[in-house]
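*Asks:* What follows is entry_9.csv, made up of CSV, N, CA and C atoms:
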```
chain,number,residue,atom,x,y,z
I,9,GLN,N,-22.1,6.3,-19.3
I,9,GLN,CA,-22.9,6.6,-18.1
I,9,GLN,C,-22.4,5.8,-16.9
I,10,VAL,N,-22.5,6.4,-15.7
I,10,VAL,CA,-22.1,5.7,-14.5
I,10,VAL,C,-23.2,5.9,-13.5
I,11,GLN,N,-23.7,4.7,-13.0
I,11,GLN,CA,-24.7,4.8,-12.0
I,11,GLN,C,-24.0,4.6,-10.6
I,12,LEU,N,-24.5,5.4,-9.7
I,12,LEU,CA,-23.9,5.3,-8.3
I,12,LEU,C,-25.1,5.1,-7.3
I,13,VAL,N,-24.8,4.1,-6.4
I,13,VAL,CA,-25.9,3.8,-5.4
I,13,VAL,C,-25.2,3.8,-4.0
I,14,GLU,N,-25.7,4.7,-3.2
I,14,GLU,CA,-25.2,4.9,-1.8
I,14,GLU,C,-26.0,4.0,-0.9
I,15,SER,N,-25.4,3.6,0.2
I,15,SER,CA,-26.0,2.8,1.2
I,15,SER,C,-25.3,3.0,2.5
I,16,GLY,N,-25.9,2.6,3.6
I,16,GLY,CA,-25.2,2.6,4.9
I,16,GLY,C,-25.6,3.8,5.9
I,17,GLY,N,-26.4,4.7,5.4
I,17,GLY,CA,-26.8,5.8,6.3
I,17,GLY,C,-27.7,5.3,7.4
I,18,GLY,N,-27.9,6.2,8.4
I,18,GLY,CA,-28.7,5.8,9.5
I,18,GLY,C,-28.6,6.8,10.7
I,19,LEU,N,-29.1,6.4,11.8
I,19,LEU,CA,-29.1,7.3,13.0
I,19,LEU,C,-28.0,6.7,13.9
I,20,VAL,N,-27.1,7.6,14.4
I,20,VAL,CA,-26.0,7.2,15.3
I,20,VAL,C,-25.8,8.2,16.4
I,21,ASP,N,-25.4,7.8,17.5
I,21,ASP,CA,-25.1,8.7,18.6
I,21,ASP,C,-23.8,9.5,18.4
I,22,PRO,N,-23.8,10.7,18.9
I,22,PRO,CA,-22.5,11.4,18.9
I,22,PRO,C,-21.3,10.6,19.4
I,23,GLY,N,-20.2,10.7,18.7
I,23,GLY,CA,-19.1,9.9,19.1
I,23,GLY,C,-19.1,8.5,18.4
I,24,GLY,N,-20.1,8.1,17.8
I,24,GLY,CA,-20.3,6.8,17.2
I,24,GLY,C,-19.6,6.8,15.8
I,25,SER,N,-19.8,5.6,15.1
I,25,SER,CA,-19.2,5.4,13.8
I,25,SER,C,-20.3,4.8,12.9
I,26,LEU,N,-20.0,5.0,11.6
I,26,LEU,CA,-20.9,4.6,10.5
I,26,LEU,C,-20.0,4.4,9.3
I,27,ARG,N,-20.4,3.4,8.5
I,27,ARG,CA,-19.7,3.3,7.2
I,27,ARG,C,-20.7,3.4,6.0
I,28,LEU,N,-20.4,4.3,5.1
I,28,LEU,CA,-21.2,4.4,4.0
I,28,LEU,C,-20.5,3.7,2.8
I,29,SER,N,-21.4,3.2,1.9
I,29,SER,CA,-20.9,2.6,0.7
I,29,SER,C,-21.4,3.3,-0.6
I,30,CYS,N,-20.6,3.3,-1.6
I,30,CYS,CA,-21.1,3.8,-2.9
I,30,CYS,C,-20.7,2.8,-4.0
I,31,ALA,N,-21.7,2.1,-4.5
I,31,ALA,CA,-21.4,1.1,-5.5
I,31,ALA,C,-21.5,1.8,-6.9
I,32,ALA,N,-20.5,1.6,-7.7
I,32,ALA,CA,-20.4,2.2,-9.1
I,32,ALA,C,-20.8,1.1,-10.1
I,33,SER,N,-21.4,1.5,-11.2
I,33,SER,CA,-21.8,0.5,-12.2
I,33,SER,C,-20.6,0.2,-13.2
I,34,THR,N,-19.5,0.8,-13.0
I,34,THR,CA,-18.3,0.6,-13.9
I,34,THR,C,-17.1,0.5,-13.0
I,35,SER,N,-16.0,0.0,-13.6
I,35,SER,CA,-14.8,-0.2,-12.9
I,35,SER,C,-14.2,1.2,-12.4
I,36,ILE,N,-13.9,1.1,-11.1
I,36,ILE,CA,-13.3,2.4,-10.5
I,36,ILE,C,-11.9,2.6,-11.0
I,37,GLN,N,-11.3,1.5,-11.6
I,37,GLN,CA,-9.9,1.7,-12.1
I,37,GLN,C,-9.9,2.3,-13.5
I,38,ASP,N,-11.1,2.5,-14.1
I,38,ASP,CA,-11.2,3.0,-15.5
I,38,ASP,C,-11.2,4.5,-15.4
I,39,TYR,N,-10.1,5.1,-14.8
I,39,TYR,CA,-9.9,6.6,-14.7
I,39,TYR,C,-11.1,7.2,-14.0
I,40,LEU,N,-11.7,6.5,-13.0
I,40,LEU,CA,-12.8,7.0,-12.3
I,40,LEU,C,-12.4,7.6,-10.9
I,41,VAL,N,-12.9,8.8,-10.6
I,41,VAL,CA,-12.6,9.4,-9.4
I,41,VAL,C,-14.0,9.6,-8.7
I,42,ILE,N,-14.1,9.2,-7.5
I,42,ILE,CA,-15.4,9.2,-6.8
I,42,ILE,C,-15.3,10.0,-5.5
I,43,ALA,N,-16.2,11.0,-5.3
I,43,ALA,CA,-16.2,11.8,-4.1
I,43,ALA,C,-17.4,11.6,-3.3
I,44,TRP,N,-17.3,12.0,-2.0
I,44,TRP,CA,-18.4,12.1,-1.1
I,44,TRP,C,-18.7,13.6,-0.8
I,45,PHE,N,-20.0,13.9,-1.0
I,45,PHE,CA,-20.5,15.3,-0.6
I,45,PHE,C,-21.6,15.1,0.5
I,46,ARG,N,-21.9,16.1,1.2
I,46,ARG,CA,-23.0,16.1,2.1
I,46,ARG,C,-23.7,17.4,2.1
I,47,GLN,N,-25.0,17.3,2.4
I,47,GLN,CA,-25.8,18.5,2.5
I,47,GLN,C,-26.6,18.5,3.8
I,48,ALA,N,-26.4,19.5,4.7
I,48,ALA,CA,-27.1,19.6,5.9
I,48,ALA,C,-28.4,20.4,5.6
I,49,PRO,N,-29.4,20.3,6.5
I,49,PRO,CA,-30.6,21.0,6.3
I,49,PRO,C,-30.3,22.5,6.2
I,50,GLY,N,-30.8,23.2,5.2
I,50,GLY,CA,-30.6,24.6,5.1
I,50,GLY,C,-29.3,25.1,4.7
I,51,LYS,N,-28.4,24.2,4.3
I,51,LYS,CA,-27.0,24.6,4.0
I,51,LYS,C,-26.7,24.1,2.6
I,52,GLU,N,-25.6,24.6,2.0
I,52,GLU,CA,-25.2,24.2,0.7
I,52,GLU,C,-24.5,22.8,0.8
I,53,ARG,N,-24.5,22.2,-0.3
I,53,ARG,CA,-23.8,20.9,-0.4
I,53,ARG,C,-22.3,21.2,-0.3
I,54,GLU,N,-21.5,20.3,0.4
I,54,GLU,CA,-20.1,20.5,0.6
I,54,GLU,C,-19.4,19.2,0.4
I,55,ALA,N,-18.1,19.3,-0.1
I,55,ALA,CA,-17.3,18.1,-0.3
I,55,ALA,C,-16.8,17.6,1.0
I,56,VAL,N,-16.7,16.3,1.1
I,56,VAL,CA,-16.2,15.6,2.3
I,56,VAL,C,-14.9,14.9,2.0
I,57,SER,N,-14.9,14.1,1.0
I,57,SER,CA,-13.7,13.3,0.7
I,57,SER,C,-13.8,12.8,-0.7
I,58,CYS,N,-12.6,12.3,-1.2
I,58,CYS,CA,-12.5,11.9,-2.6
I,58,CYS,C,-11.5,10.8,-2.7
I,59,PHE,N,-11.8,9.9,-3.7
I,59,PHE,CA,-10.9,8.7,-3.9
I,59,PHE,C,-10.6,8.5,-5.4
I,60,ASP,N,-9.4,8.5,-5.7
I,60,ASP,CA,-9.0,8.2,-7.1
I,60,ASP,C,-8.8,6.7,-7.3
I,61,GLY,N,-9.7,6.2,-8.2
I,61,GLY,CA,-9.7,4.8,-8.4
I,61,GLY,C,-8.5,4.2,-9.1
I,62,VAL,N,-7.7,5.1,-9.8
I,62,VAL,CA,-6.5,4.6,-10.5
I,62,VAL,C,-5.3,4.6,-9.6
I,63,ASP,N,-4.9,5.7,-8.9
I,63,ASP,CA,-3.7,5.7,-8.1
I,63,ASP,C,-4.1,5.7,-6.6
I,64,ARG,N,-5.3,5.7,-6.3
I,64,ARG,CA,-5.8,5.6,-4.9
I,64,ARG,C,-5.4,6.8,-4.0
I,65,THR,N,-5.2,7.9,-4.7
I,65,THR,CA,-5.0,9.2,-4.0
I,65,THR,C,-6.3,9.5,-3.2
I,66,THR,N,-6.2,10.1,-2.0
I,66,THR,CA,-7.4,10.5,-1.3
I,66,THR,C,-7.3,12.0,-0.9
I,67,TYR,N,-8.5,12.5,-0.8
I,67,TYR,CA,-8.6,13.9,-0.4
I,67,TYR,C,-9.7,14.0,0.7
I,68,TYR,N,-9.5,15.0,1.6
I,68,TYR,CA,-10.4,15.2,2.7
I,68,TYR,C,-10.6,16.7,3.0
I,69,ALA,N,-11.9,17.0,3.4
I,69,ALA,CA,-12.1,18.4,3.9
I,69,ALA,C,-11.5,18.5,5.2
I,70,ASP,N,-11.1,19.7,5.6
I,70,ASP,CA,-10.5,19.9,6.9
I,70,ASP,C,-11.4,19.5,8.1
I,71,SER,N,-12.7,19.6,7.9
I,71,SER,CA,-13.7,19.3,8.9
I,71,SER,C,-13.7,17.8,9.3
I,72,VAL,N,-13.2,17.0,8.4
I,72,VAL,CA,-13.3,15.5,8.7
I,72,VAL,C,-12.0,14.8,8.8
I,73,LYS,N,-10.9,15.6,8.5
I,73,LYS,CA,-9.6,15.0,8.6
I,73,LYS,C,-9.4,14.3,10.0
I,74,GLY,N,-8.8,13.1,10.0
I,74,GLY,CA,-8.6,12.4,11.2
I,74,GLY,C,-9.8,11.7,11.8
I,75,ARG,N,-11.0,11.9,11.2
I,75,ARG,CA,-12.2,11.2,11.7
I,75,ARG,C,-12.7,10.3,10.6
I,76,PHE,N,-12.6,10.7,9.3
I,76,PHE,CA,-13.2,10.0,8.2
I,76,PHE,C,-12.1,9.3,7.4
I,77,THR,N,-12.4,8.2,6.8
I,77,THR,CA,-11.4,7.5,6.0
I,77,THR,C,-12.1,7.0,4.7
I,78,VAL,N,-11.6,7.4,3.6
I,78,VAL,CA,-12.2,6.9,2.3
I,78,VAL,C,-11.3,5.8,1.7
I,79,SER,N,-12.0,4.8,1.2
I,79,SER,CA,-11.2,3.7,0.6
I,79,SER,C,-12.0,3.1,-0.6
I,80,GLY,N,-11.4,2.3,-1.4
I,80,GLY,CA,-12.0,1.7,-2.5
I,80,GLY,C,-11.7,0.2,-2.7
I,81,ASP,N,-12.7,-0.5,-3.2
I,81,ASP,CA,-12.5,-1.9,-3.5
I,81,ASP,C,-12.7,-2.1,-5.0
I,82,SER,N,-11.6,-2.4,-5.7
I,82,SER,CA,-11.7,-2.5,-7.1
I,82,SER,C,-12.4,-3.8,-7.6
I,83,ALA,N,-12.4,-4.8,-6.7
I,83,ALA,CA,-13.1,-6.0,-7.0
I,83,ALA,C,-14.6,-5.9,-7.1
I,84,THR,N,-15.2,-5.0,-6.3
I,84,THR,CA,-16.6,-4.8,-6.3
I,84,THR,C,-17.0,-3.4,-6.8
I,85,ASN,N,-16.0,-2.6,-7.2
I,85,ASN,CA,-16.3,-1.2,-7.7
I,85,ASN,C,-17.1,-0.4,-6.6
I,86,THR,N,-16.6,-0.5,-5.4
I,86,THR,CA,-17.3,0.2,-4.3
I,86,THR,C,-16.3,1.1,-3.6
I,87,ILE,N,-16.8,2.3,-3.3
I,87,ILE,CA,-16.1,3.2,-2.5
I,87,ILE,C,-16.7,3.3,-1.1
I,88,TYR,N,-15.9,3.3,-0.1
I,88,TYR,CA,-16.4,3.4,1.3
I,88,TYR,C,-16.0,4.7,2.0
I,89,LEU,N,-16.9,5.1,2.9
I,89,LEU,CA,-16.5,6.3,3.7
I,89,LEU,C,-16.7,5.8,5.2
I,90,GLN,N,-15.6,5.5,5.8
I,90,GLN,CA,-15.7,5.2,7.2
I,90,GLN,C,-15.7,6.4,8.1
I,91,MET,N,-16.7,6.6,8.9
I,91,MET,CA,-16.9,7.8,9.6
I,91,MET,C,-16.8,7.5,11.1
I,92,SER,N,-15.9,8.1,11.8
I,92,SER,CA,-15.8,7.9,13.3
I,92,SER,C,-15.9,9.2,14.0
I,93,SER,N,-16.0,9.1,15.3
I,93,SER,CA,-16.1,10.3,16.2
I,93,SER,C,-17.1,11.3,15.6
I,94,LEU,N,-18.3,10.7,15.3
I,94,LEU,CA,-19.3,11.6,14.6
I,94,LEU,C,-19.8,12.6,15.5
I,95,LYS,N,-20.1,13.8,14.9
I,95,LYS,CA,-20.6,14.9,15.6
I,95,LYS,C,-22.0,15.3,15.0
I,96,PRO,N,-22.8,16.0,15.8
I,96,PRO,CA,-24.1,16.4,15.3
I,96,PRO,C,-24.0,17.2,14.0
I,97,GLU,N,-23.0,17.9,13.8
I,97,GLU,CA,-22.8,18.7,12.6
I,97,GLU,C,-22.4,17.9,11.4
I,98,ASP,N,-22.2,16.6,11.6
I,98,ASP,CA,-22.0,15.7,10.5
I,98,ASP,C,-23.3,15.2,9.9
I,99,THR,N,-24.4,15.6,10.5
I,99,THR,CA,-25.7,15.2,10.0
I,99,THR,C,-26.0,15.8,8.6
I,100,GLY,N,-26.6,15.0,7.8
I,100,GLY,CA,-27.0,15.5,6.4
I,100,GLY,C,-27.2,14.3,5.5
I,101,VAL,N,-27.6,14.7,4.3
I,101,VAL,CA,-27.7,13.7,3.2
I,101,VAL,C,-26.3,13.6,2.6
I,102,TYR,N,-25.8,12.4,2.5
I,102,TYR,CA,-24.5,12.1,1.9
I,102,TYR,C,-24.6,11.5,0.5
I,103,TYR,N,-24.0,12.2,-0.4
I,103,TYR,CA,-24.0,11.8,-1.8
I,103,TYR,C,-22.6,11.3,-2.3
I,104,CYS,N,-22.6,10.4,-3.2
I,104,CYS,CA,-21.4,10.1,-3.9
I,104,CYS,C,-21.5,10.7,-5.3
I,105,ALA,N,-20.4,11.1,-5.9
I,105,ALA,CA,-20.4,11.7,-7.2
I,105,ALA,C,-19.1,11.2,-7.9
I,106,ALA,N,-19.2,11.1,-9.2
I,106,ALA,CA,-18.1,10.6,-10.0
I,106,ALA,C,-17.7,11.4,-11.2
I,107,VAL,N,-16.5,11.4,-11.5
I,107,VAL,CA,-16.0,12.0,-12.8
I,107,VAL,C,-14.9,11.0,-13.4
I,108,ARG,N,-15.0,10.9,-14.7
I,108,ARG,CA,-14.0,10.1,-15.3
I,108,ARG,C,-12.9,10.9,-15.9
I,109,ASN,N,-11.6,10.6,-15.5
I,109,ASN,CA,-10.4,11.2,-16.1
I,109,ASN,C,-10.5,12.8,-15.9
I,110,PRO,N,-10.5,13.2,-14.7
I,110,PRO,CA,-10.5,14.7,-14.5
I,110,PRO,C,-9.3,15.4,-14.9
I,111,GLY,N,-9.3,16.7,-15.0
I,111,GLY,CA,-8.2,17.5,-15.6
I,111,GLY,C,-7.0,17.5,-14.6
I,112,SER,N,-6.0,18.1,-15.1
I,112,SER,CA,-4.7,18.2,-14.4
I,112,SER,C,-4.8,19.1,-13.1
I,113,SER,N,-5.8,19.9,-13.1
I,113,SER,CA,-5.9,20.8,-11.9
I,113,SER,C,-6.8,20.3,-10.8
I,114,PHE,N,-7.1,19.0,-10.9
I,114,PHE,CA,-8.1,18.4,-10.0
I,114,PHE,C,-7.7,18.4,-8.6
I,115,TYR,N,-6.4,18.4,-8.4
I,115,TYR,CA,-5.9,18.5,-7.0
I,115,TYR,C,-6.4,19.8,-6.3
I,116,TYR,N,-6.6,20.8,-7.1
I,116,TYR,CA,-7.1,22.1,-6.5
I,116,TYR,C,-8.6,22.3,-6.6
I,117,THR,N,-9.2,21.4,-7.4
I,117,THR,CA,-10.7,21.6,-7.7
I,117,THR,C,-11.5,20.5,-7.2
I,118,TRP,N,-11.0,19.5,-6.6
I,118,TRP,CA,-11.7,18.3,-6.2
I,118,TRP,C,-13.0,18.6,-5.5
I,119,ALA,N,-13.1,19.6,-4.7
I,119,ALA,CA,-14.2,19.9,-3.9
I,119,ALA,C,-15.3,20.6,-4.5
I,120,ARG,N,-15.2,20.9,-5.8
I,120,ARG,CA,-16.2,21.7,-6.5
I,120,ARG,C,-17.2,20.7,-7.1
I,121,GLU,N,-18.5,21.0,-6.9
I,121,GLU,CA,-19.6,20.1,-7.4
I,121,GLU,C,-19.5,20.0,-8.9
I,122,THR,N,-19.1,21.1,-9.5
I,122,THR,CA,-19.1,21.2,-11.0
I,122,THR,C,-18.1,20.3,-11.6
I,123,GLU,N,-17.2,19.7,-10.8
I,123,GLU,CA,-16.2,18.8,-11.4
I,123,GLU,C,-16.8,17.4,-11.7
I,124,TYR,N,-17.9,17.1,-11.2
I,124,TYR,CA,-18.5,15.8,-11.3
I,124,TYR,C,-19.7,15.7,-12.2
I,125,ASP,N,-19.7,14.5,-12.9
I,125,ASP,CA,-20.7,14.3,-14.0
I,125,ASP,C,-21.8,13.4,-13.5
I,126,TYR,N,-21.6,12.6,-12.6
I,126,TYR,CA,-22.6,11.6,-12.2
I,126,TYR,C,-22.8,11.7,-10.6
I,127,TRP,N,-24.0,11.5,-10.2
I,127,TRP,CA,-24.4,11.6,-8.8
I,127,TRP,C,-25.3,10.5,-8.4
I,128,GLY,N,-25.2,10.1,-7.2
I,128,GLY,CA,-26.1,9.1,-6.6
I,128,GLY,C,-27.3,9.9,-6.0
I,129,GLN,N,-28.2,9.1,-5.4
I,129,GLN,CA,-29.5,9.7,-4.9
I,129,GLN,C,-29.3,10.1,-3.4
I,130,GLY,N,-28.2,9.7,-2.8
I,130,GLY,CA,-28.0,10.1,-1.4
I,130,GLY,C,-28.5,9.2,-0.4
I,131,THR,N,-27.8,9.3,0.8
I,131,THR,CA,-28.2,8.5,2.0
I,131,THR,C,-28.2,9.4,3.2
I,132,GLN,N,-29.2,9.3,4.0
I,132,GLN,CA,-29.3,10.2,5.2
I,132,GLN,C,-28.5,9.7,6.4
I,133,VAL,N,-27.7,10.6,6.9
I,133,VAL,CA,-26.9,10.3,8.1
I,133,VAL,C,-27.4,11.3,9.2
I,134,THR,N,-27.8,10.8,10.3
I,134,THR,CA,-28.3,11.6,11.4
I,134,THR,C,-27.5,11.3,12.7
I,135,VAL,N,-26.8,12.3,13.2
I,135,VAL,CA,-26.0,12.1,14.4
I,135,VAL,C,-26.7,12.8,15.6
I,136,SER,N,-27.3,12.1,16.4
I,136,SER,CA,-28.1,12.7,17.5
I,136,SER,C,-28.3,11.7,18.6
I,137,SER,N,-28.4,12.2,19.9
I,137,SER,CA,-28.7,11.3,21.0
I,137,SER,C,-30.2,11.3,21.3
```
Any chance you could put this one into structure tokens?
*Replies:*
Amino acid sequence: QVQLVESGGGLVDPGGSLRLSCAASTSIQDYLVIAWFRQAPGKEREAVSCFDGVDRTTYYADSVKGRFTVSGDSATNTIYLQMSSLKPEDTGVYYCAAVRNPGSSFYYTWARETEYDYWGQGTQVTVSS
């Protein structure tokens, strides 16, 4: 079992920045891949970014490339999502999700919810003036 706890959400002005954290209960270097998803009101949950704890490979949705940066700290088993140039459409509940030792096709499937076995409770991000 892997427990995930998100933090860092809040209210921010358009154009502002926010950093989310996802603390894992196990080593991120133990073949653990952690992703960030978000769900806006009335919309389906969508993948935002992903971090491979072993080789530190990162993945991004096109909508956040160049604005969001995902990183990991193996000393604290924490994944961060640094969000900059935030837009109102970035508003939503942000979840982190984890899978241990995903399959060889993960490069093509990282954005699918069904790839992940463990989920956090989510943290609210609101971008509004």
*Asks:* Could you work out how far atom N of Ser35 of chain I lies from atom N of Gly100 of chain I, giving the answer in Å with one decimal?
*Replies:*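 Taking atom N of Gly100 of chain I and atom N of Ser35 of chain I, their separation equals 28.2 Å.
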*Asks:* Given all atoms listed in the file as the basis, pick out the residue of I:Leu26, I:Val135, I:Val56, I:Leu89 nearest to Val72 of chain I.
*Replies:* I:Val56
*Asks:* As a list in words, please: the residues near Lys95 of chain I (cut-off 7 Å, all atoms listed in the file, same-chain neighbours under 4 positions excluded).
*Replies:*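 Returned residues: Asp21, Pro22, Gly23, Gly24, Thr99, Val135 and Ser136 of chain I.
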*Asks:* How many Å separate atom N of Met91 of chain I from atom C of Gly74 of chain I?
*Replies:*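 Separating atom N of Met91 of chain I from atom C of Gly74 of chain I is a distance of 9.1 Å.
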*Asks:* Please measure the separation of atom CA of Ser79 of chain I and atom CA of Asp125 of chain I, giving the value in Å to one decimal.
*Replies:*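 These atoms are spaced 20.4 Å apart.
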*Asks:* Identify which of the residues I:Pro96, I:Gly50, I:Gly16, I:Gly61 lies closest to Cys30 of chain I, counting all atoms listed in the file when measuring atom-to-atom distances.
*Replies:* I:Gly16
*Asks:* Would you mind telling me which residue in I:Gly17, I:Gly80, I:Pro49, I:Gly111 lies nearest to Thr134 of chain I when using all atoms listed in the file?
*Replies:*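 Closest to Thr134 of chain I, using all atoms listed in the file: I:Gly17.
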*Asks:* Would you return as a short mmCIF file (atom, residue, chain, number, x, y, z; two decimals) with N, CA and C atoms, keeping the file's coordinate frame the members of chain I that DSSP assigns to strand (DSSP E or B) on this structure's backbone?
*Replies:*
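Saved as part.cif:
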```cif
data_model
loop_
_atom_site.label_atom_id
_atom_site.label_comp_id
_atom_site.auth_asym_id
_atom_site.auth_seq_id
_atom_site.Cartn_x
_atom_site.Cartn_y
_atom_site.Cartn_z
N LEU I 12 -24.50 5.40 -9.70
CA LEU I 12 -23.90 5.30 -8.30
C LEU I 12 -25.10 5.10 -7.30
N VAL I 13 -24.80 4.10 -6.40
CA VAL I 13 -25.90 3.80 -5.40
C VAL I 13 -25.20 3.80 -4.00
N GLU I 14 -25.70 4.70 -3.20
CA GLU I 14 -25.20 4.90 -1.80
C GLU I 14 -26.00 4.00 -0.90
N SER I 15 -25.40 3.60 0.20
CA SER I 15 -26.00 2.80 1.20
C SER I 15 -25.30 3.00 2.50
N GLY I 18 -27.90 6.20 8.40
CA GLY I 18 -28.70 5.80 9.50
C GLY I 18 -28.60 6.80 10.70
N LEU I 19 -29.10 6.40 11.80
CA LEU I 19 -29.10 7.30 13.00
C LEU I 19 -28.00 6.70 13.90
N VAL I 20 -27.10 7.60 14.40
CA VAL I 20 -26.00 7.20 15.30
C VAL I 20 -25.80 8.20 16.40
N LEU I 26 -20.00 5.00 11.60
CA LEU I 26 -20.90 4.60 10.50
C LEU I 26 -20.00 4.40 9.30
N ARG I 27 -20.40 3.40 8.50
CA ARG I 27 -19.70 3.30 7.20
C ARG I 27 -20.70 3.40 6.00
N LEU I 28 -20.40 4.30 5.10
CA LEU I 28 -21.20 4.40 4.00
C LEU I 28 -20.50 3.70 2.80
N SER I 29 -21.40 3.20 1.90
CA SER I 29 -20.90 2.60 0.70
C SER I 29 -21.40 3.30 -0.60
N CYS I 30 -20.60 3.30 -1.60
CA CYS I 30 -21.10 3.80 -2.90
C CYS I 30 -20.70 2.80 -4.00
N ALA I 31 -21.70 2.10 -4.50
CA ALA I 31 -21.40 1.10 -5.50
C ALA I 31 -21.50 1.80 -6.90
N ALA I 32 -20.50 1.60 -7.70
CA ALA I 32 -20.40 2.20 -9.10
C ALA I 32 -20.80 1.10 -10.10
N LEU I 40 -11.70 6.50 -13.00
CA LEU I 40 -12.80 7.00 -12.30
C LEU I 40 -12.40 7.60 -10.90
N VAL I 41 -12.90 8.80 -10.60
CA VAL I 41 -12.60 9.40 -9.40
C VAL I 41 -14.00 9.60 -8.70
N ILE I 42 -14.10 9.20 -7.50
CA ILE I 42 -15.40 9.20 -6.80
C ILE I 42 -15.30 10.00 -5.50
N ALA I 43 -16.20 11.00 -5.30
CA ALA I 43 -16.20 11.80 -4.10
C ALA I 43 -17.40 11.60 -3.30
N TRP I 44 -17.30 12.00 -2.00
CA TRP I 44 -18.40 12.10 -1.10
C TRP I 44 -18.70 13.60 -0.80
N PHE I 45 -20.00 13.90 -1.00
CA PHE I 45 -20.50 15.30 -0.60
C PHE I 45 -21.60 15.10 0.50
N ARG I 46 -21.90 16.10 1.20
CA ARG I 46 -23.00 16.10 2.10
C ARG I 46 -23.70 17.40 2.10
N GLN I 47 -25.00 17.30 2.40
CA GLN I 47 -25.80 18.50 2.50
C GLN I 47 -26.60 18.50 3.80
N GLU I 54 -21.50 20.30 0.40
CA GLU I 54 -20.10 20.50 0.60
C GLU I 54 -19.40 19.20 0.40
N ALA I 55 -18.10 19.30 -0.10
CA ALA I 55 -17.30 18.10 -0.30
C ALA I 55 -16.80 17.60 1.00
N VAL I 56 -16.70 16.30 1.10
CA VAL I 56 -16.20 15.60 2.30
C VAL I 56 -14.90 14.90 2.00
N SER I 57 -14.90 14.10 1.00
CA SER I 57 -13.70 13.30 0.70
C SER I 57 -13.80 12.80 -0.70
N CYS I 58 -12.60 12.30 -1.20
CA CYS I 58 -12.50 11.90 -2.60
C CYS I 58 -11.50 10.80 -2.70
N PHE I 59 -11.80 9.90 -3.70
CA PHE I 59 -10.90 8.70 -3.90
C PHE I 59 -10.60 8.50 -5.40
N ASP I 60 -9.40 8.50 -5.70
CA ASP I 60 -9.00 8.20 -7.10
C ASP I 60 -8.80 6.70 -7.30
N THR I 66 -6.20 10.10 -2.00
CA THR I 66 -7.40 10.50 -1.30
C THR I 66 -7.30 12.00 -0.90
N TYR I 67 -8.50 12.50 -0.80
CA TYR I 67 -8.60 13.90 -0.40
C TYR I 67 -9.70 14.00 0.70
N TYR I 68 -9.50 15.00 1.60
CA TYR I 68 -10.40 15.20 2.70
C TYR I 68 -10.60 16.70 3.00
N PHE I 76 -12.60 10.70 9.30
CA PHE I 76 -13.20 10.00 8.20
C PHE I 76 -12.10 9.30 7.40
N THR I 77 -12.40 8.20 6.80
CA THR I 77 -11.40 7.50 6.00
C THR I 77 -12.10 7.00 4.70
N VAL I 78 -11.60 7.40 3.60
CA VAL I 78 -12.20 6.90 2.30
C VAL I 78 -11.30 5.80 1.70
N SER I 79 -12.00 4.80 1.20
CA SER I 79 -11.20 3.70 0.60
C SER I 79 -12.00 3.10 -0.60
N GLY I 80 -11.40 2.30 -1.40
CA GLY I 80 -12.00 1.70 -2.50
C GLY I 80 -11.70 0.20 -2.70
N ASP I 81 -12.70 -0.50 -3.20
CA ASP I 81 -12.50 -1.90 -3.50
C ASP I 81 -12.70 -2.10 -5.00
N THR I 86 -16.60 -0.50 -5.40
CA THR I 86 -17.30 0.20 -4.30
C THR I 86 -16.30 1.10 -3.60
N ILE I 87 -16.80 2.30 -3.30
CA ILE I 87 -16.10 3.20 -2.50
C ILE I 87 -16.70 3.30 -1.10
N TYR I 88 -15.90 3.30 -0.10
CA TYR I 88 -16.40 3.40 1.30
C TYR I 88 -16.00 4.70 2.00
N LEU I 89 -16.90 5.10 2.90
CA LEU I 89 -16.50 6.30 3.70
C LEU I 89 -16.70 5.80 5.20
N GLN I 90 -15.60 5.50 5.80
CA GLN I 90 -15.70 5.20 7.20
C GLN I 90 -15.70 6.40 8.10
N MET I 91 -16.70 6.60 8.90
CA MET I 91 -16.90 7.80 9.60
C MET I 91 -16.80 7.50 11.10
N GLY I 100 -26.60 15.00 7.80
CA GLY I 100 -27.00 15.50 6.40
C GLY I 100 -27.20 14.30 5.50
N VAL I 101 -27.60 14.70 4.30
CA VAL I 101 -27.70 13.70 3.20
C VAL I 101 -26.30 13.60 2.60
N TYR I 102 -25.80 12.40 2.50
CA TYR I 102 -24.50 12.10 1.90
C TYR I 102 -24.60 11.50 0.50
N TYR I 103 -24.00 12.20 -0.40
CA TYR I 103 -24.00 11.80 -1.80
C TYR I 103 -22.60 11.30 -2.30
N CYS I 104 -22.60 10.40 -3.20
CA CYS I 104 -21.40 10.10 -3.90
C CYS I 104 -21.50 10.70 -5.30
N ALA I 105 -20.40 11.10 -5.90
CA ALA I 105 -20.40 11.70 -7.20
C ALA I 105 -19.10 11.20 -7.90
N ALA I 106 -19.20 11.10 -9.20
CA ALA I 106 -18.10 10.60 -10.00
C ALA I 106 -17.70 11.40 -11.20
N VAL I 107 -16.50 11.40 -11.50
CA VAL I 107 -16.00 12.00 -12.80
C VAL I 107 -14.90 11.00 -13.40
N ARG I 108 -15.00 10.90 -14.70
CA ARG I 108 -14.00 10.10 -15.30
C ARG I 108 -12.90 10.90 -15.90
N TYR I 126 -21.60 12.60 -12.60
CA TYR I 126 -22.60 11.60 -12.20
C TYR I 126 -22.80 11.70 -10.60
N TRP I 127 -24.00 11.50 -10.20
CA TRP I 127 -24.40 11.60 -8.80
C TRP I 127 -25.30 10.50 -8.40
N THR I 131 -27.80 9.30 0.80
CA THR I 131 -28.20 8.50 2.00
C THR I 131 -28.20 9.40 3.20
N GLN I 132 -29.20 9.30 4.00
CA GLN I 132 -29.30 10.20 5.20
C GLN I 132 -28.50 9.70 6.40
N VAL I 133 -27.70 10.60 6.90
CA VAL I 133 -26.90 10.30 8.10
C VAL I 133 -27.40 11.30 9.20
N THR I 134 -27.80 10.80 10.30
CA THR I 134 -28.30 11.60 11.40
C THR I 134 -27.50 11.30 12.70
N VAL I 135 -26.80 12.30 13.20
CA VAL I 135 -26.00 12.10 14.40
C VAL I 135 -26.70 12.80 15.60
#
```
*Asks:* Using DSSP on the backbone, list every residue of chain I that comes out as alpha helix (DSSP H), and give them as a list in words.
*Replies:*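 Written out, the alpha helix (DSSP H) residues of chain I are Phe114, Tyr115, Tyr116 and Thr117 of chain I.
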